[in-house]
file work05.txt (compact mmCIF, C-alpha atoms)
# COMPACT_ATOMS: atom_id res chain seq x y z
CA MET P 199 10.73 -12.30 -31.28
CA ALA P 200 7.58 -10.31 -32.03
CA LEU P 201 5.55 -8.81 -29.24
CA VAL P 202 2.36 -10.83 -28.65
CA LEU P 203 -0.77 -9.12 -27.36
CA HIS P 204 -3.31 -11.36 -25.68
CA ALA P 205 -6.76 -9.81 -26.22
CA GLY P 206 -9.83 -10.00 -28.39
CA LYS P 207 -9.90 -8.27 -31.78
CA THR P 208 -12.55 -5.77 -30.63
CA ASN P 209 -11.08 -4.95 -27.21
CA LYS P 210 -10.83 -1.16 -26.94
CA ASN P 211 -7.98 -1.48 -24.44
CA ALA P 212 -6.04 -3.56 -26.96
CA PHE P 213 -6.70 -0.87 -29.57
CA LYS P 214 -4.45 1.49 -27.59
CA THR P 215 -1.36 -0.65 -28.14
CA LEU P 216 -2.23 -1.62 -31.71
CA ILE P 217 -2.66 2.03 -32.74
CA VAL P 218 0.61 2.98 -31.05
CA ALA P 219 2.27 0.15 -32.98
CA GLU P 220 0.95 1.58 -36.25
CA TYR P 221 2.46 4.98 -35.43
CA THR P 222 5.83 3.63 -34.25
CA GLY P 223 6.31 0.76 -36.68
CA VAL P 224 6.76 -1.75 -33.85
CA LYS P 225 5.51 -5.22 -34.73
CA VAL P 226 2.76 -6.38 -32.37
CA GLU P 227 0.80 -9.55 -33.08
CA LEU P 228 -2.51 -10.57 -31.57
CA ALA P 229 -2.40 -13.99 -29.92
CA PRO P 230 -4.23 -16.47 -32.17
CA ASP P 231 -7.50 -18.04 -31.00
CA PHE P 232 -7.78 -15.82 -27.91
CA GLU P 233 -11.19 -16.27 -26.26
CA MET P 234 -12.20 -13.84 -23.53
CA GLY P 235 -13.30 -15.63 -20.37
CA VAL P 236 -11.61 -18.85 -21.45
CA THR P 237 -8.03 -18.17 -22.48
CA ASN P 238 -7.45 -15.74 -19.63
CA LYS P 239 -8.62 -18.33 -17.08
CA THR P 240 -6.10 -21.01 -18.06
CA PRO P 241 -3.17 -21.87 -15.75
CA GLU P 242 -0.72 -20.80 -18.46
CA TYR P 243 -2.26 -17.32 -18.70
CA LEU P 244 -2.54 -16.92 -14.93
CA LYS P 245 1.19 -17.55 -14.63
CA LEU P 246 1.71 -14.44 -16.76
CA ASN P 247 -0.95 -12.37 -15.01
CA PRO P 248 -2.22 -13.80 -11.71
CA ILE P 249 -5.55 -11.97 -11.84
CA GLY P 250 -6.29 -12.84 -15.47
CA LYS P 251 -6.70 -9.28 -16.73
CA VAL P 252 -6.79 -8.42 -20.43
CA PRO P 253 -4.87 -7.24 -22.40
CA LEU P 254 -1.50 -8.80 -21.67
CA LEU P 255 1.67 -8.20 -23.69
CA VAL P 256 4.32 -10.91 -23.85
CA THR P 257 7.80 -9.50 -24.53
CA PRO P 258 11.27 -11.09 -24.70
CA ASP P 259 11.91 -9.61 -21.25
CA GLY P 260 8.70 -10.83 -19.64
CA PRO P 261 4.94 -10.12 -19.58
CA ILE P 262 3.32 -6.70 -19.07
CA PHE P 263 -0.28 -6.04 -18.08
CA GLU P 264 -2.46 -2.89 -17.68
CA SER P 265 -3.42 -1.41 -21.04
CA ASN P 266 -2.01 2.11 -20.52
CA THR P 267 1.31 0.68 -19.35
CA ILE P 268 1.50 -1.61 -22.38
CA ALA P 269 0.81 1.32 -24.72
CA ARG P 270 3.51 3.41 -22.99
CA TYR P 271 6.01 0.55 -23.33
CA VAL P 272 5.41 0.14 -27.07
CA ALA P 273 5.57 3.91 -27.62
CA ARG P 274 8.96 4.12 -25.89
CA LEU P 275 10.47 1.33 -27.98
CA LYS P 276 11.06 3.99 -30.65
CA ALA P 277 13.65 6.62 -29.81
CA ASP P 278 12.59 10.28 -29.97
CA ASN P 279 8.98 9.26 -30.45
CA PRO P 280 6.69 12.33 -30.76
CA LEU P 281 3.87 10.27 -29.24
CA ILE P 282 5.43 10.78 -25.80
CA GLY P 283 6.34 14.46 -26.23
CA SER P 284 9.49 16.41 -26.95
CA SER P 285 9.88 18.13 -23.56
CA LEU P 286 9.32 17.50 -19.90
CA ILE P 287 6.18 19.66 -19.85
CA ASP P 288 4.80 17.86 -22.91
CA TYR P 289 5.41 14.54 -21.17
CA ALA P 290 3.63 15.79 -18.04
CA HIS P 291 0.62 17.03 -20.03
CA ILE P 292 0.39 13.74 -21.91
CA GLU P 293 0.38 11.83 -18.62
CA GLN P 294 -2.19 14.28 -17.24
CA TRP P 295 -4.67 13.57 -20.05
CA ILE P 296 -4.05 9.82 -19.88
CA ASP P 297 -5.02 9.88 -16.20
CA PHE P 298 -7.99 12.13 -16.97
CA GLY P 299 -9.20 9.76 -19.69
CA SER P 300 -8.94 6.77 -17.38
CA LEU P 301 -10.33 8.25 -14.16
CA GLU P 302 -12.89 10.76 -15.43
CA ILE P 303 -14.09 9.30 -18.73
CA ASP P 304 -13.44 5.56 -18.87
CA ALA P 305 -14.37 4.85 -15.24
CA ASN P 306 -17.74 6.59 -15.56
CA ILE P 307 -18.54 5.01 -18.92
CA ILE P 308 -17.85 1.58 -17.41
CA SER P 309 -20.03 2.39 -14.37
CA TRP P 310 -22.85 3.30 -16.75
CA PHE P 311 -22.21 0.30 -19.03
CA ARG P 312 -21.94 -2.66 -16.62
CA PRO P 313 -25.49 -2.65 -15.19
CA ARG P 314 -27.01 -1.99 -18.63
CA PHE P 315 -25.33 -5.11 -19.98
CA GLY P 316 -26.14 -7.31 -17.00
CA HIS P 317 -22.67 -7.27 -15.43
CA ALA P 318 -23.78 -5.51 -12.23
CA VAL P 319 -26.94 -4.68 -10.28
CA TYR P 320 -28.82 -1.75 -11.82
CA LEU P 321 -29.26 1.10 -9.32
CA PRO P 322 -30.80 4.30 -10.81
CA PRO P 323 -29.01 6.69 -8.37
CA ALA P 324 -25.66 5.07 -9.21
CA GLU P 325 -26.31 5.43 -12.93
CA GLU P 326 -27.35 9.06 -12.51
CA ALA P 327 -24.15 9.76 -10.59
CA ALA P 328 -22.02 8.09 -13.28
CA ILE P 329 -23.72 10.02 -16.11
CA SER P 330 -23.46 13.29 -14.22
CA ALA P 331 -19.75 12.75 -13.58
CA LEU P 332 -19.21 11.73 -17.20
CA LYS P 333 -20.93 14.88 -18.45
CA ARG P 334 -18.79 16.97 -16.14
CA ALA P 335 -15.66 15.35 -17.60
CA LEU P 336 -16.85 15.75 -21.19
CA GLY P 337 -17.65 19.38 -20.46
CA ALA P 338 -14.08 19.98 -19.29
CA LEU P 339 -12.70 18.15 -22.31
CA ASN P 340 -14.99 20.11 -24.62
CA THR P 341 -13.68 23.40 -23.21
CA HIS P 342 -10.06 22.35 -23.78
CA LEU P 343 -10.77 21.19 -27.34
CA ALA P 344 -12.57 24.43 -28.22
CA SER P 345 -9.14 25.95 -28.81
CA ASN P 346 -7.01 22.82 -29.40
CA THR P 347 -7.07 20.28 -32.22
CA TYR P 348 -5.24 17.69 -30.11
CA LEU P 349 -4.82 17.27 -26.37
CA VAL P 350 -1.13 18.23 -26.29
CA GLY P 351 0.62 20.27 -28.95
CA HIS P 352 -0.18 20.11 -32.66
CA PHE P 353 0.18 16.39 -33.34
CA VAL P 354 -1.30 13.09 -32.20
CA THR P 355 0.24 11.89 -28.93
CA LEU P 356 -0.23 8.89 -26.69
CA ALA P 357 -2.82 10.90 -24.77
CA ASP P 358 -4.99 11.24 -27.88
CA ILE P 359 -4.77 7.52 -28.59
CA ILE P 360 -5.78 6.47 -25.07
CA VAL P 361 -8.54 9.07 -24.61
CA THR P 362 -10.00 8.29 -28.05
CA CYS P 363 -10.07 4.57 -27.24
CA ASN P 364 -11.91 5.38 -24.00
CA LEU P 365 -14.39 7.56 -25.92
CA PHE P 366 -14.79 4.80 -28.53
CA PHE P 367 -16.47 2.57 -25.98
CA GLY P 368 -18.91 5.33 -25.00
CA PHE P 369 -19.71 6.42 -28.55
CA THR P 370 -20.37 2.87 -29.78
CA LYS P 371 -22.21 1.48 -26.74
CA LEU P 372 -23.99 4.23 -24.79
CA MET P 373 -23.58 7.82 -25.94
CA THR P 374 -26.16 8.63 -28.61
CA LYS P 375 -26.01 11.66 -30.89
CA SER P 376 -28.48 13.51 -28.65
CA PHE P 377 -26.12 12.89 -25.71
CA THR P 378 -22.87 13.92 -27.41
CA SER P 379 -24.35 16.93 -29.22
CA GLU P 380 -23.91 18.87 -25.96
CA PHE P 381 -20.15 18.54 -26.54
CA PRO P 382 -19.52 19.58 -30.17
CA HIS P 383 -15.74 19.96 -29.80
CA VAL P 384 -15.49 16.45 -28.33
CA GLU P 385 -17.51 15.15 -31.29
CA ARG P 386 -15.23 16.89 -33.78
CA TYR P 387 -12.16 15.57 -31.99
CA PHE P 388 -13.41 11.98 -31.79
CA TRP P 389 -14.47 11.70 -35.43
CA THR P 390 -11.26 13.36 -36.59
CA LEU P 391 -9.14 10.85 -34.68
CA VAL P 392 -11.01 7.64 -35.53
CA ASN P 393 -10.78 8.52 -39.21
CA GLN P 394 -6.99 8.93 -39.12
CA PRO P 395 -5.43 6.07 -41.18
CA ASN P 396 -3.56 4.53 -38.23
CA PHE P 397 -6.72 4.55 -36.10
CA LYS P 398 -8.97 3.31 -38.87
CA LYS P 399 -6.66 0.40 -39.69
CA VAL P 400 -7.23 -0.90 -36.15
CA MET P 401 -10.79 0.24 -35.37
CA GLY P 402 -12.37 -0.06 -38.81
CA ASP P 403 -15.45 2.00 -39.60
CA VAL P 404 -16.80 3.41 -36.35
CA LYS P 405 -20.56 3.95 -35.97
CA GLN P 406 -22.24 5.78 -33.13
CA THR P 407 -24.89 3.91 -31.17
CA GLU P 408 -28.47 4.94 -31.93
CA SER P 409 -29.90 4.05 -28.53
CA VAL P 410 -29.00 3.34 -24.91
CA PRO P 411 -29.46 -0.38 -24.16
CA PRO P 412 -32.46 -1.08 -21.89
CA VAL P 413 -31.98 -2.32 -18.37
CA PRO P 414 -32.08 -6.14 -18.50
CA SER P 415 -35.06 -7.73 -16.75
CA ALA P 416 -34.40 -9.99 -13.81
CA LYS P 417 -37.10 -12.56 -14.57
CA LYS P 418 -36.77 -15.90 -12.83
CA PRO P 419 -36.55 -19.03 -15.00
CA SER P 420 -39.85 -20.86 -15.34
CA GLN P 421 -40.35 -24.02 -13.28
CA PRO P 422 -40.86 -27.34 -15.12
CA LYS P 423 -44.46 -28.49 -15.03
CA GLU P 424 -45.48 -31.91 -13.83
CA THR P 425 -46.26 -34.45 -16.56
CA LYS P 426 -49.71 -35.86 -17.09
CA SER P 427 -48.52 -39.36 -16.24
CA LYS P 428 -47.52 -38.22 -12.79
CA ALA P 429 -50.90 -36.62 -12.27
CA LYS P 430 -52.60 -39.90 -13.08
CA GLU P 431 -50.69 -41.64 -10.33
CA GLU P 432 -52.31 -39.45 -7.65
CA PRO P 433 -55.10 -41.15 -5.64
CA LYS P 434 -58.59 -40.44 -6.97
CA LYS P 435 -59.81 -39.02 -3.69
CA GLU P 436 -57.13 -36.35 -3.91
CA ALA P 437 -58.09 -35.40 -7.47
CA LYS P 438 -60.73 -32.94 -6.27
CA LYS P 439 -58.24 -31.07 -4.13
CA GLU P 440 -55.67 -28.86 -5.74
CA PRO P 441 -52.30 -29.68 -4.18
CA ALA P 442 -50.37 -26.90 -2.52
CA LYS P 443 -48.00 -25.32 -4.99
CA PRO P 444 -44.29 -24.96 -4.32
CA LYS P 445 -43.18 -21.45 -3.44
CA ALA P 446 -41.16 -21.13 -6.64
CA GLU P 447 -44.20 -22.04 -8.75
CA ALA P 448 -46.39 -19.59 -6.86
CA ALA P 449 -43.82 -16.86 -7.39
CA GLU P 450 -43.73 -17.67 -11.09
CA GLU P 451 -47.49 -17.21 -11.33
CA VAL P 452 -47.19 -13.82 -9.68
CA GLU P 453 -44.61 -12.82 -12.29
CA GLU P 454 -46.82 -13.99 -15.14
CA ALA P 455 -49.85 -12.12 -13.84
CA PRO P 456 -48.52 -9.12 -11.91
CA LYS P 457 -50.85 -6.94 -9.98
CA PRO P 458 -51.55 -3.66 -11.72
CA LYS P 459 -49.35 -0.86 -10.46
CA PRO P 460 -51.14 1.85 -8.51
CA LYS P 461 -51.89 4.89 -10.60
CA ASN P 462 -49.94 8.07 -10.16
CA PRO P 463 -52.07 10.37 -7.96
CA LEU P 464 -51.87 13.00 -10.69
CA ASP P 465 -53.76 10.66 -13.02
CA LEU P 466 -56.65 10.64 -10.52
CA LEU P 467 -57.13 14.42 -10.61
CA PRO P 468 -60.26 15.79 -12.30
CA PRO P 469 -59.80 16.23 -16.06
CA SER P 470 -58.22 19.51 -17.11
CA SER P 471 -59.19 21.67 -20.04
CA MET P 472 -55.48 22.20 -20.71
CA VAL P 473 -53.86 19.52 -22.85
CA LEU P 474 -50.17 19.69 -21.98
CA ASP P 475 -49.00 18.11 -25.23
CA ASP P 476 -50.92 20.74 -27.23
CA TRP P 477 -49.04 23.50 -25.41
CA LYS P 478 -45.68 21.76 -25.90
CA ARG P 479 -46.44 21.40 -29.60
CA LEU P 480 -47.39 25.07 -29.92
CA TYR P 481 -44.20 26.10 -28.10
CA SER P 482 -42.00 23.96 -30.34
CA ASN P 483 -43.64 24.96 -33.62
CA THR P 484 -43.80 28.73 -33.09
CA LYS P 485 -40.80 30.28 -34.85
CA THR P 486 -41.98 33.89 -35.37
CA ASN P 487 -44.22 36.34 -33.51
CA PHE P 488 -43.62 34.24 -30.41
CA ARG P 489 -45.38 36.53 -27.96
CA GLU P 490 -48.42 37.01 -30.18
CA VAL P 491 -48.76 33.30 -30.96
CA ALA P 492 -47.16 31.10 -28.30
CA ILE P 493 -47.54 33.32 -25.22
CA LYS P 494 -51.13 34.22 -26.08
CA GLY P 495 -51.82 30.55 -26.81
CA PHE P 496 -50.40 29.56 -23.44
CA TRP P 497 -52.74 31.80 -21.48
CA ASP P 498 -55.70 30.76 -23.66
CA MET P 499 -54.94 27.12 -22.80
CA TYR P 500 -53.87 27.56 -19.18
CA ASP P 501 -56.18 25.95 -16.61
CA PRO P 502 -55.48 27.42 -13.15
CA GLU P 503 -57.60 24.69 -11.51
CA GLY P 504 -55.72 21.81 -13.13
CA TYR P 505 -52.19 23.24 -13.23
CA SER P 506 -49.92 25.50 -11.22
CA LEU P 507 -46.90 27.66 -12.11
CA TRP P 508 -43.73 27.86 -10.03
CA PHE P 509 -40.60 30.00 -10.03
CA CYS P 510 -37.36 28.42 -8.82
CA GLU P 511 -33.92 29.84 -8.07
CA TYR P 512 -30.73 27.96 -7.30
CA LYS P 513 -29.77 28.39 -3.65
CA TYR P 514 -26.02 28.43 -4.20
CA ASN P 515 -25.50 30.77 -7.14
CA ASP P 516 -22.27 32.05 -5.58
CA GLU P 517 -20.74 28.66 -6.44
CA ASN P 518 -21.51 29.04 -10.17
CA THR P 519 -18.12 30.45 -11.13
CA VAL P 520 -17.46 28.29 -14.23
CA SER P 521 -19.91 28.57 -17.11
CA PHE P 522 -19.67 25.02 -18.51
CA VAL P 523 -20.02 23.49 -15.04
CA THR P 524 -23.13 25.60 -14.43
CA LEU P 525 -24.61 24.56 -17.77
CA ASN P 526 -23.89 20.90 -17.05
CA LYS P 527 -25.51 21.28 -13.63
CA VAL P 528 -28.71 22.51 -15.26
CA GLY P 529 -28.55 19.79 -17.91
CA GLY P 530 -28.24 17.10 -15.23
CA PHE P 531 -31.22 18.53 -13.36
CA LEU P 532 -33.39 18.42 -16.50
CA GLN P 533 -32.26 14.88 -17.21
CA ARG P 534 -33.30 13.74 -13.75
CA MET P 535 -36.67 15.48 -14.16
CA ASP P 536 -37.51 13.07 -16.98
CA LEU P 537 -39.78 11.11 -14.63
CA ALA P 538 -42.16 14.14 -14.62
CA ARG P 539 -42.29 14.68 -18.39
CA LYS P 540 -45.93 13.60 -18.62
CA TYR P 541 -46.98 16.18 -16.02
CA ALA P 542 -44.63 19.14 -16.46
CA PHE P 543 -43.14 21.82 -18.67
CA GLY P 544 -40.13 23.88 -17.63
CA LYS P 545 -37.70 26.64 -18.60
CA MET P 546 -34.28 26.99 -16.97
CA LEU P 547 -32.25 30.15 -17.53
CA VAL P 548 -28.55 30.68 -16.87
CA ILE P 549 -28.08 34.40 -16.37
CA GLY P 550 -25.05 36.67 -16.38
CA SER P 551 -22.17 37.68 -18.64
CA GLU P 552 -19.56 36.86 -16.00
CA PRO P 553 -19.41 34.70 -12.85
CA PRO P 554 -21.05 33.99 -10.56
CA PHE P 555 -23.87 32.92 -12.87
CA LYS P 556 -27.48 32.79 -11.69
CA VAL P 557 -29.79 29.87 -12.37
CA LYS P 558 -33.52 30.60 -12.40
CA GLY P 559 -36.46 28.63 -13.70
CA LEU P 560 -40.16 28.48 -14.42
CA TRP P 561 -42.13 25.24 -14.10
CA LEU P 562 -45.68 24.23 -14.99
CA PHE P 563 -46.92 21.25 -12.96
CA ARG P 564 -50.13 19.24 -13.04
CA GLY P 565 -52.08 19.94 -9.86
CA GLN P 566 -51.84 22.72 -7.31
CA GLU P 567 -48.60 21.60 -5.67
CA ILE P 568 -45.24 20.34 -6.86
CA PRO P 569 -45.84 16.58 -7.33
CA PRO P 570 -44.59 14.73 -4.23
CA PHE P 571 -42.95 11.99 -6.29
CA VAL P 572 -40.82 14.63 -8.02
CA MET P 573 -39.70 16.07 -4.68
CA GLU P 574 -38.83 12.57 -3.46
CA GLU P 575 -37.12 11.18 -6.54
CA CYS P 576 -35.26 14.20 -7.95
CA TYR P 577 -32.69 15.21 -5.36
CA ASP P 578 -31.91 18.47 -7.22
CA MET P 579 -35.27 19.89 -6.15
CA GLU P 580 -33.99 20.72 -2.67
CA LEU P 581 -31.15 22.75 -4.21
CA TYR P 582 -33.69 25.36 -5.37
CA ASN P 583 -36.04 27.78 -3.64
CA TRP P 584 -39.57 27.29 -5.01
CA THR P 585 -42.24 30.01 -5.13
CA LYS P 586 -45.74 29.55 -6.49
CA VAL P 587 -46.68 32.14 -9.10
CA ASP P 588 -49.39 34.56 -7.97
CA LEU P 589 -51.53 35.01 -11.08
CA SER P 590 -53.26 38.06 -9.59
CA ASP P 591 -49.92 39.89 -9.80
CA GLU P 592 -49.42 41.25 -13.32
CA ASN P 593 -45.68 41.62 -12.74
CA GLN P 594 -45.38 37.92 -12.00
CA LYS P 595 -47.43 37.05 -15.08
CA GLU P 596 -45.12 39.20 -17.20
CA ARG P 597 -42.12 37.44 -15.66
CA VAL P 598 -43.68 34.13 -16.74
CA ASN P 599 -43.98 35.50 -20.29
CA GLN P 600 -40.36 36.63 -20.34
CA MET P 601 -39.06 33.27 -19.11
CA ILE P 602 -41.10 31.30 -21.65
CA GLU P 603 -39.90 33.66 -24.37
CA ASP P 604 -36.20 33.64 -23.31
CA GLN P 605 -36.25 37.42 -23.23
CA GLU P 606 -32.84 39.04 -23.24
CA PRO P 607 -31.71 40.86 -21.25
CA PHE P 608 -33.60 39.13 -18.46
CA GLU P 609 -34.10 41.25 -15.36
CA GLY P 610 -31.34 43.56 -16.56
CA GLU P 611 -28.71 40.84 -17.15
CA ALA P 612 -27.39 38.94 -20.15
CA LEU P 613 -28.89 35.52 -20.88
CA LEU P 614 -26.04 32.99 -21.09
CA ASP P 615 -28.27 30.03 -21.94
CA ALA P 616 -31.88 28.86 -21.81
CA LYS P 617 -32.97 25.25 -21.69
CA CYS P 618 -36.48 23.88 -22.15
CA PHE P 619 -38.03 20.79 -20.56
CA LYS P 620 -40.94 19.56 -22.61
call {"tool": "encode", "arguments": {"input": "work05.txt", "output": "structure tokens"}}
result
Amino acid sequence: MALVLHAGKTNKNAFKTLIVAEYTGVKVELAPDFEMGVTNKTPEYLKLNPIGKVPLLVTPDGPIFESNTIARYVARLKADNPLIGSSLIDYAHIEQWIDFGSLEIDANIISWFRPRFGHAVYLPPAEEAAISALKRALGALNTHLASNTYLVGHFVTLADIIVTCNLFFGFTKLMTKSFTSEFPHVERYFWTLVNQPNFKKVMGDVKQTESVPPVPSAKKPSQPKETKSKAKEEPKKEAKKEPAKPKAEAAEEVEEAPKPKPKNPLDLLPPSSMVLDDWKRLYSNTKTNFREVAIKGFWDMYDPEGYSLWFCEYKYNDENTVSFVTLNKVGGFLQRMDLARKYAFGKMLVIGSEPPFKVKGLWLFRGQEIPPFVMEECYDMELYNWTKVDLSDENQKERVNQMIEDQEPFEGEALLDAKCFK
């Protein structure tokens, strides 16, 4: 009796078992005519798995559910299988990375995915937390893969199969090239694995998503309009009066003609002679003689009445003991600052050749104060001490120049990384 896997043909959790089967030579067949949301709700299916989860493996000895467990079962059907390691420590490391892939990668990808595809309520703070946690996990994985081709040892193991299937969902649904480029060793690992013959036979040609799906709108369905014949039946004396509209119809009209949103207070400031996009363009396009061209251009453009400059320094630098975690922390901060892109330019420096690393920044904001909506919406802001630049102090102006220029060494220390918000 062949093993029968109940799942759809594109289910990434089913891929785990099917790829293991390719490596071990175990025959696993997909259940014919399986339809997600239909087949797994039938009484027959619920007898095999009471909560209707997918995938489900039917074996001669009974059914098995939970995708990682199914993959382990199929891998162990072959004696001395290298997929599960050749020693106790190998086995432990394989299990370690399987748990890591499920708890740190897959769980956060799913938390990011479900609201974007209408399967849960979209809450921006929840999405930010999921993305931040995912980046932290990918950073850790990237560090491990910097000196390892595979997760455990020198060959593909069950850990590689499961983690790659978890990454598959992120790469094809959410994680664009600009997102994954922060993790080059993860990219190399993923594309190496999905192009292995046993992976490719199951997954086919894998393509990375080009965009993050937009948040679905929650527009109410339109209400049916009354027919003309019904209107004719109304008494003539009532024809002059417009009948009171049902609440649902009134709400629909509000949706169709929404009130204009109040303008951002920064848009109501007097016009500035500084065009922020012109400065960002000059910064990006200057490749040589940076100080003579870009720095000089900045001060020629700078409008002290319309803009203000601010230094910031992370309050808890003593905690920055791991370089990739510090870099991810800065990256998450810049990502959450996206709401201020129209009104700001920033440089964030990670300083030091050894821990603890220091995080310092320079920000240009529209107006004379840090925009209140930024302080309210970006929770990272309170993690930094903010000091307004005193332009009458030449030392502070020179510090501005050095931070824009990514001067190294900076204040006598090595520059580990510099990130720009523009």
call {"tool": "residues_around", "arguments": {"input": "work05.txt", "residues": "P:Leu372", "least_positions_apart": "2", "cutoff": "10 Å", "atoms": "only C-alpha atoms", "output": "NGL selection string"}}
result
:P and (307-308 or 310-311 or 314 or 366-370 or 374-375 or 377 or 406-411)
call {"tool": "atom_distance", "arguments": {"input": "work05.txt", "atom1": "atom CA of P:Ser470", "atom2": "atom CA of P:Asp536"}}
result
21.7 Å
call {"tool": "closest_residue", "arguments": {"input": "work05.txt", "among": "P:Val384, P:Ala324, P:Ala542, P:Ala305", "to": "P:Leu339", "atoms": "only C-alpha atoms"}}
result
P:Val384
call {"tool": "closest_residue", "arguments": {"input": "work05.txt", "among": "P:Lys245, P:Lys239, P:Lys540, P:Lys214", "to": "P:Ala273", "atoms": "all atoms listed in the file"}}
result
P:Lys214
call {"tool": "atom_distance", "arguments": {"input": "work05.txt", "atom1": "atom CA of P:Val202", "atom2": "atom CA of P:Val236"}}
result
17.6 Å
call {"tool": "closest_atom_pairs", "arguments": {"input": "work05.txt", "of": "stretch 291-352 of chain P", "to": "stretch 557-577 of chain P", "cutoff": "12 Å", "atoms": "all atoms listed in the file", "output": "Markdown table"}}
result
| residue | atom | partner | partner_atom | distance |
| --- | --- | --- | --- | --- |
| P:Pro322 | CA | P:Glu575 | CA | 10.3 |
| P:Pro323 | CA | P:Glu575 | CA | 9.4 |
| P:Glu326 | CA | P:Cys576 | CA | 10.5 |
| P:Ala327 | CA | P:Tyr577 | CA | 11.4 |
call {"tool": "atom_distance", "arguments": {"input": "work05.txt", "atom1": "atom CA of P:Val413", "atom2": "atom CA of P:His317"}}
result
10.9 Å
call {"tool": "residues_around", "arguments": {"input": "work05.txt", "residues": "P:Asn209", "least_positions_apart": "6", "cutoff": "12 Å", "atoms": "all atoms listed in the file", "output": "list in words"}}
result
Leu203, Thr215, Leu216, Leu228, Phe232, Glu233, Met234, Val252, Pro253, Leu254, Ser265, Cys363, Asn364, Phe366, Phe367, Val400 and Met401 of chain P
call {"tool": "write_last_selection", "arguments": {"input": "work05.txt", "atoms": "C-alpha atoms", "output": "PDB file, keeping the file's coordinate frame"}}
result
ATOM      1  CA  LEU P 203      -0.770  -9.120 -27.360  1.00  0.00           C
ATOM      2  CA  THR P 215      -1.360  -0.650 -28.140  1.00  0.00           C
ATOM      3  CA  LEU P 216      -2.230  -1.620 -31.710  1.00  0.00           C
ATOM      4  CA  LEU P 228      -2.510 -10.570 -31.570  1.00  0.00           C
ATOM      5  CA  PHE P 232      -7.780 -15.820 -27.910  1.00  0.00           C
ATOM      6  CA  GLU P 233     -11.190 -16.270 -26.260  1.00  0.00           C
ATOM      7  CA  MET P 234     -12.200 -13.840 -23.530  1.00  0.00           C
ATOM      8  CA  VAL P 252      -6.790  -8.420 -20.430  1.00  0.00           C
ATOM      9  CA  PRO P 253      -4.870  -7.240 -22.400  1.00  0.00           C
ATOM     10  CA  LEU P 254      -1.500  -8.800 -21.670  1.00  0.00           C
ATOM     11  CA  SER P 265      -3.420  -1.410 -21.040  1.00  0.00           C
ATOM     12  CA  CYS P 363     -10.070   4.570 -27.240  1.00  0.00           C
ATOM     13  CA  ASN P 364     -11.910   5.380 -24.000  1.00  0.00           C
ATOM     14  CA  PHE P 366     -14.790   4.800 -28.530  1.00  0.00           C
ATOM     15  CA  PHE P 367     -16.470   2.570 -25.980  1.00  0.00           C
ATOM     16  CA  VAL P 400      -7.230  -0.900 -36.150  1.00  0.00           C
ATOM     17  CA  MET P 401     -10.790   0.240 -35.370  1.00  0.00           C
TER      18      MET P 401
END
call {"tool": "residues_around", "arguments": {"input": "work05.txt", "residues": "stretch 597-600 of chain P", "least_positions_apart": "5", "cutoff": "9 Å", "atoms": "only C-alpha atoms", "output": "PyMOL selection string"}}
result
chain P and resi 489+493+507+509+560+587+592+605-606+608-609
call {"tool": "axis_aligned_box", "arguments": {"input": "work05.txt", "around": "stretch 330-343 of chain P", "padding_each_side": "4 Å", "output": "lines of an AutoDock Vina configuration file"}}
result
center_x = -16.8
center_y = 17.6
center_z = -20.5
size_x = 21.4
size_y = 19.7
size_z = 21.8
call {"tool": "closest_residue", "arguments": {"input": "work05.txt", "among": "P:Gly351, P:Ser330, P:Leu246, P:Thr341", "to": "P:His291", "atoms": "only C-alpha atoms"}}
result
P:Gly351
call {"tool": "closest_residue", "arguments": {"input": "work05.txt", "among": "P:Ser590, P:Pro412, P:Ile217, P:Pro248", "to": "P:Leu391", "atoms": "only C-alpha atoms"}}
result
P:Ile217
call {"tool": "residues_around", "arguments": {"input": "work05.txt", "residues": "P:Asn238", "least_positions_apart": "3", "cutoff": "9 Å", "atoms": "all atoms listed in the file", "output": "list in words"}}
result
His204, Ala205, Phe232, Glu233, Met234, Gly235, Pro241, Glu242, Tyr243, Leu244, Asn247, Ile249, Gly250, Lys251 and Val252 of chain P
call {"tool": "closest_residue", "arguments": {"input": "work05.txt", "among": "P:Gly206, P:Gly337, P:Gly495, P:Pro313", "to": "P:Asn526", "atoms": "all atoms listed in the file"}}
result
P:Gly337
call {"tool": "decode", "arguments": {"input": "work05.txt", "residues": "stretch 556-569 of chain P", "atoms": "C-alpha atoms", "output": "PDB file, in the first residue's frame"}}
result
ATOM      1  CA  LYS P 556      27.265  52.615  19.129  1.00  0.00           C
ATOM      2  CA  VAL P 557      24.327  53.804  17.062  1.00  0.00           C
ATOM      3  CA  LYS P 558      24.244  57.495  16.164  1.00  0.00           C
ATOM      4  CA  GLY P 559      22.259  59.420  13.598  1.00  0.00           C
ATOM      5  CA  LEU P 560      21.604  62.695  11.842  1.00  0.00           C
ATOM      6  CA  TRP P 561      18.111  63.693  10.707  1.00  0.00           C
ATOM      7  CA  LEU P 562      16.754  66.547   8.604  1.00  0.00           C
ATOM      8  CA  PHE P 563      13.077  67.288   9.320  1.00  0.00           C
ATOM      9  CA  ARG P 564      10.603  69.704   7.791  1.00  0.00           C
ATOM     10  CA  GLY P 565       9.790  72.394  10.347  1.00  0.00           C
ATOM     11  CA  GLN P 566      11.566  73.489  13.507  1.00  0.00           C
ATOM     12  CA  GLU P 567      10.647  70.474  15.640  1.00  0.00           C
ATOM     13  CA  ILE P 568      10.570  66.728  15.167  1.00  0.00           C
ATOM     14  CA  PRO P 569       7.142  66.130  13.562  1.00  0.00           C
TER      15      PRO P 569
END
